[in-house]
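Student: Pasting a structure here, questions to come.
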2 protein chains.
Amino acid sequence: MKFCSSCGHPVESRIPAGDNRPRYVCTHCETIHYQNPRIVAGTVPVWERKVLLCRRAIEPRYGYWTLPAGFMENAETTEEAAARETLEEAMAEVSLVGLYTMIHVPHIDQVHMFYLAHMTSPRFGAGEESLEAELFELDRIPWDDISFPTVRRTLEHFVEDMQRDEFPLRVSDIRHRMKQRSS
Amino acid sequence: MKFCSSCGHPVESRIPAGDNRPRYVCTHCETIHYQNPRIVAGTVPVWERKVLLCRRAIEPRYGYWTLPAGFMENAETTEEAAARETLEEAMAEVSLVGLYTMIHVPHIDQVHMFYLAHMTSPRFGAGEESLEAELFELDRIPWDDISFPTVRRTLEHFVEDMQRDEFPLRVSDIRHRMKQRSS
């Protein structure tokens, strides 16, 4: 952030009065521009003990397999976001069972939430951001070509939990070494 | 949002190619400025069957009783945010038991998450944003002076769940009639 989105003048990074961390503050109108983590919402779409994955048609991780998921939009709930992304990316309609994993990724300011979901029919397809979609038996999941750590961890939990047919909420973190950031 | 935070030129609201909803797009550098919901994280701090509330020293809802909670910051987890807010607002150290309520408030683009938490000692106090803090017996909760609907709902669940000593995750929404928005 270099300019104030309210008045267009330059911002500077400083700790506002009464605060304890640096914020972008407008040098002209004094507006404080807070920055906050974003939620990525998705599903584990299940049909007859198979899980629906889609292969990414966009960067990052073009060509890798992923669970349908994406950034939550304003004015929706995490459930609505998860179901919407599943329809957009895998062209599948789902009925959500419940929140299944919540994985913090603090070094990129994200919280990933995956809902366990039953597909309401065996219909699916490749949405605009997918090269293809496919239902995988659990022993055929393409572990070598998974898109992101949160997707891998969620699938690992799912395979394990399918054995006892219990799917408790699992909250965890993924922490990488700090990268240089620019914003 | 009126100006591009990257280059300072005016933005316009339009639907970018390949998208399906209006975004603020810079008329000069074409940067798309996405806007996403924010997470409010807090706790239900418990000490010997009493719950710790604090009375707000800031607007909105100055003077009303609340659970300690606030906006999650970049580079932290929801648990860290919840514990930090509890320390800042109620000067209490807590050990988190688990995620207890997740309440979507889509008309204000927020997701509120409260963790059930044990106070690690009976020490507490009024942080900078609080007028006072107090441990309440469950039959003395000041229901007429509660700050926000998500706090009220979380406390209602807590009082009910204390009777059977089981605290399952409760996911719900609070939807108000649509207000006029400006941004």
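How things are named: the first chain in the structure tokens is A, the next is B, and so on; residues count from 1 in each chain; ligands count from 1 in the order shown.
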List as a ChimeraX atom specification the protein and nucleic acid residues near B:Pro37, meaning an atom at most 8 Å away when only C-alpha atoms are counted, but skip any in the same chain fewer than 5 places from it.
Tutor: /A:38-39,72-75 /B:109-111
Student: Dump as a list in words the residues of chain A that approach chain B to within 6 Å, counting only C-alpha atoms.
Tutor: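 Going by the stated atoms only, the list reads Met1, Lys2, Phe3, Cys4, Ser5, Ser6, Gly8, Asn36, Pro37, Glu73, Asn74, Ala75, Glu76, Thr77, His104, Pro106, His107 and Asp109 of chain A.
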Student: If DSSP is run on the backbone, what residues of stretch 45-107 of chain A are strand (DSSP E)? A reply as a compact mmCIF listing (two decimals) with N, CA, C and O atoms, in the first residue's frame would be ideal.
Tutor:
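Heads up, here's the output in states_30.txt:
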```
# COMPACT_ATOMS: atom_id res chain seq x y z
N PRO A 45 -15.58 -32.73 -1.04
CA PRO A 45 -16.83 -33.23 -1.62
C PRO A 45 -16.76 -34.76 -1.79
O PRO A 45 -15.84 -35.28 -2.43
N VAL A 46 -17.71 -35.46 -1.18
CA VAL A 46 -17.67 -36.92 -1.12
C VAL A 46 -18.84 -37.52 -1.88
O VAL A 46 -19.98 -37.05 -1.79
N TRP A 47 -18.54 -38.57 -2.67
CA TRP A 47 -19.57 -39.35 -3.34
C TRP A 47 -19.18 -40.82 -3.28
O TRP A 47 -18.14 -41.21 -3.81
N LYS A 50 -15.69 -41.72 -2.37
CA LYS A 50 -14.67 -41.11 -3.22
C LYS A 50 -14.67 -39.59 -2.98
O LYS A 50 -15.70 -39.02 -2.63
N VAL A 51 -13.51 -38.98 -3.20
CA VAL A 51 -13.40 -37.54 -2.97
C VAL A 51 -13.14 -36.83 -4.31
O VAL A 51 -12.38 -37.31 -5.15
N LEU A 52 -13.82 -35.70 -4.47
CA LEU A 52 -13.75 -34.95 -5.72
C LEU A 52 -12.61 -33.92 -5.64
O LEU A 52 -12.61 -33.04 -4.78
N LEU A 53 -11.67 -34.06 -6.54
CA LEU A 53 -10.58 -33.08 -6.64
C LEU A 53 -10.64 -32.40 -8.00
O LEU A 53 -11.21 -32.94 -8.96
N CYS A 54 -10.07 -31.20 -8.08
CA CYS A 54 -9.96 -30.57 -9.39
C CYS A 54 -8.50 -30.15 -9.63
O CYS A 54 -7.74 -29.91 -8.69
N ARG A 55 -8.15 -30.09 -10.88
CA ARG A 55 -6.76 -29.78 -11.25
C ARG A 55 -6.72 -28.32 -11.68
O ARG A 55 -7.48 -27.91 -12.57
N ARG A 56 -5.85 -27.55 -11.06
CA ARG A 56 -5.86 -26.10 -11.20
C ARG A 56 -5.47 -25.65 -12.61
O ARG A 56 -4.44 -26.08 -13.14
N TRP A 65 -3.44 -30.87 -8.23
CA TRP A 65 -4.78 -31.24 -7.76
C TRP A 65 -5.11 -30.55 -6.45
O TRP A 65 -4.28 -30.46 -5.56
N THR A 66 -6.37 -30.11 -6.36
CA THR A 66 -6.78 -29.36 -5.17
C THR A 66 -8.21 -29.70 -4.78
O THR A 66 -8.98 -30.23 -5.59
N ALA A 69 -11.86 -24.62 -3.43
CA ALA A 69 -11.76 -23.63 -2.35
C ALA A 69 -11.37 -22.29 -2.95
O ALA A 69 -10.77 -22.23 -4.03
N GLY A 70 -11.68 -21.23 -2.24
CA GLY A 70 -11.29 -19.91 -2.71
C GLY A 70 -11.61 -18.85 -1.67
O GLY A 70 -12.16 -19.15 -0.61
N PHE A 71 -11.25 -17.62 -1.98
CA PHE A 71 -11.44 -16.54 -1.01
C PHE A 71 -12.92 -16.28 -0.75
O PHE A 71 -13.72 -16.15 -1.68
N VAL A 94 -23.30 -29.55 -3.49
CA VAL A 94 -23.01 -30.30 -2.26
C VAL A 94 -23.97 -29.89 -1.14
O VAL A 94 -24.54 -28.80 -1.14
N SER A 95 -24.10 -30.81 -0.22
CA SER A 95 -24.80 -30.55 1.04
C SER A 95 -23.75 -30.60 2.14
O SER A 95 -23.08 -31.62 2.33
N LEU A 96 -23.56 -29.49 2.86
CA LEU A 96 -22.48 -29.43 3.85
C LEU A 96 -22.84 -30.24 5.10
O LEU A 96 -23.96 -30.15 5.60
N VAL A 97 -21.88 -31.02 5.58
CA VAL A 97 -22.06 -31.80 6.80
C VAL A 97 -21.65 -30.97 8.01
O VAL A 97 -22.34 -30.93 9.03
N GLY A 98 -20.52 -30.30 7.91
CA GLY A 98 -20.06 -29.47 9.03
C GLY A 98 -18.64 -29.02 8.78
O GLY A 98 -17.95 -29.53 7.90
N LEU A 99 -18.20 -28.06 9.60
CA LEU A 99 -16.83 -27.57 9.50
C LEU A 99 -15.89 -28.70 9.89
O LEU A 99 -16.10 -29.37 10.90
N TYR A 100 -14.86 -28.93 9.08
CA TYR A 100 -14.02 -30.11 9.28
C TYR A 100 -12.57 -29.73 9.63
O TYR A 100 -12.02 -30.22 10.60
N THR A 101 -11.94 -28.87 8.85
CA THR A 101 -10.61 -28.38 9.23
C THR A 101 -10.60 -26.85 9.20
O THR A 101 -11.23 -26.22 8.34
N MET A 102 -9.89 -26.28 10.17
CA MET A 102 -9.59 -24.85 10.13
C MET A 102 -8.08 -24.75 10.33
O MET A 102 -7.57 -25.12 11.39
N ILE A 103 -7.39 -24.31 9.30
CA ILE A 103 -5.93 -24.31 9.32
C ILE A 103 -5.43 -22.88 9.11
O ILE A 103 -5.68 -22.26 8.07
N HIS A 104 -4.75 -22.37 10.13
CA HIS A 104 -4.18 -21.02 10.05
C HIS A 104 -2.89 -21.06 9.25
O HIS A 104 -2.08 -21.98 9.43
N VAL A 105 -2.70 -20.07 8.40
CA VAL A 105 -1.44 -19.94 7.66
C VAL A 105 -0.96 -18.51 7.89
O VAL A 105 -1.07 -17.63 7.02
```
Student: Given only C-alpha atoms as the basis, pick out the residue of B:Arg49, B:Ala117, B:Ala126, B:Gly63 nearest to B:Gln163.
Tutor: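 Closest to B:Gln163 of all the choices is B:Arg49.
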Student: Could you please determine the separation between atom CA of B:Glu137 and atom CA of B:Val40 in Å, to one decimal place?
Tutor: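 Answer for the atom CA of B:Glu137 to atom CA of B:Val40 separation: 25.2 Å.
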Student: Give the alpha helix (DSSP H) residues of chain B, as assigned by DSSP on the backbone, as an MDAnalysis selection string.
Tutor: chainID B and resid 78:90 149:164
Student: Please produce a file of those selected residues containing C-alpha atoms, as a PDB file, in the first residue's frame.
Tutor:
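Okay, this is what ended up in selection-v2.pdb:
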```pdb
ATOM      1  CA  THR B  78      -7.490 -17.102  15.537  1.00  0.00           C
ATOM      2  CA  GLU B  79      -6.364 -18.639  18.840  1.00  0.00           C
ATOM      3  CA  GLU B  80      -3.593 -16.074  19.232  1.00  0.00           C
ATOM      4  CA  ALA B  81      -6.027 -13.282  18.370  1.00  0.00           C
ATOM      5  CA  ALA B  82      -8.592 -14.530  20.892  1.00  0.00           C
ATOM      6  CA  ALA B  83      -6.027 -14.831  23.694  1.00  0.00           C
ATOM      7  CA  ARG B  84      -4.462 -11.454  22.839  1.00  0.00           C
ATOM      8  CA  GLU B  85      -7.810  -9.658  22.927  1.00  0.00           C
ATOM      9  CA  THR B  86      -8.610 -11.284  26.270  1.00  0.00           C
ATOM     10  CA  LEU B  87      -5.343 -10.016  27.702  1.00  0.00           C
ATOM     11  CA  GLU B  88      -5.763  -6.536  26.175  1.00  0.00           C
ATOM     12  CA  GLU B  89      -9.395  -5.937  27.122  1.00  0.00           C
ATOM     13  CA  ALA B  90      -9.820  -7.929  30.329  1.00  0.00           C
ATOM     14  CA  PRO B 149     -25.875 -10.005  19.070  1.00  0.00           C
ATOM     15  CA  THR B 150     -22.953 -12.418  18.610  1.00  0.00           C
ATOM     16  CA  VAL B 151     -21.925 -11.928  22.251  1.00  0.00           C
ATOM     17  CA  ARG B 152     -25.511 -12.466  23.418  1.00  0.00           C
ATOM     18  CA  ARG B 153     -25.883 -15.651  21.390  1.00  0.00           C
ATOM     19  CA  THR B 154     -22.550 -17.022  22.583  1.00  0.00           C
ATOM     20  CA  LEU B 155     -23.476 -16.348  26.216  1.00  0.00           C
ATOM     21  CA  GLU B 156     -26.904 -17.957  25.710  1.00  0.00           C
ATOM     22  CA  HIS B 157     -25.245 -21.100  24.338  1.00  0.00           C
ATOM     23  CA  PHE B 158     -22.752 -21.075  27.193  1.00  0.00           C
ATOM     24  CA  VAL B 159     -25.396 -20.846  29.933  1.00  0.00           C
ATOM     25  CA  GLU B 160     -27.337 -23.675  28.305  1.00  0.00           C
ATOM     26  CA  ASP B 161     -24.277 -25.867  27.697  1.00  0.00           C
ATOM     27  CA  MET B 162     -22.973 -25.379  31.250  1.00  0.00           C
ATOM     28  CA  GLN B 163     -26.002 -27.352  32.493  1.00  0.00           C
ATOM     29  CA  ARG B 164     -24.812 -30.518  30.769  1.00  0.00           C
TER      30      ARG B 164
END
```
Student: Report, in Å with one decimal, the straight-line distance from atom CA of B:Ser121 to atom CA of B:Glu134.
Tutor: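 Separation of atom CA of B:Ser121 and atom CA of B:Glu134: 13.8 Å.
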Student: Considering only C-alpha atoms, can you say which of B:Pro60, B:Pro168, B:Pro122, B:Pro68 comes closest to B:Gly42?
Tutor: B:Pro68
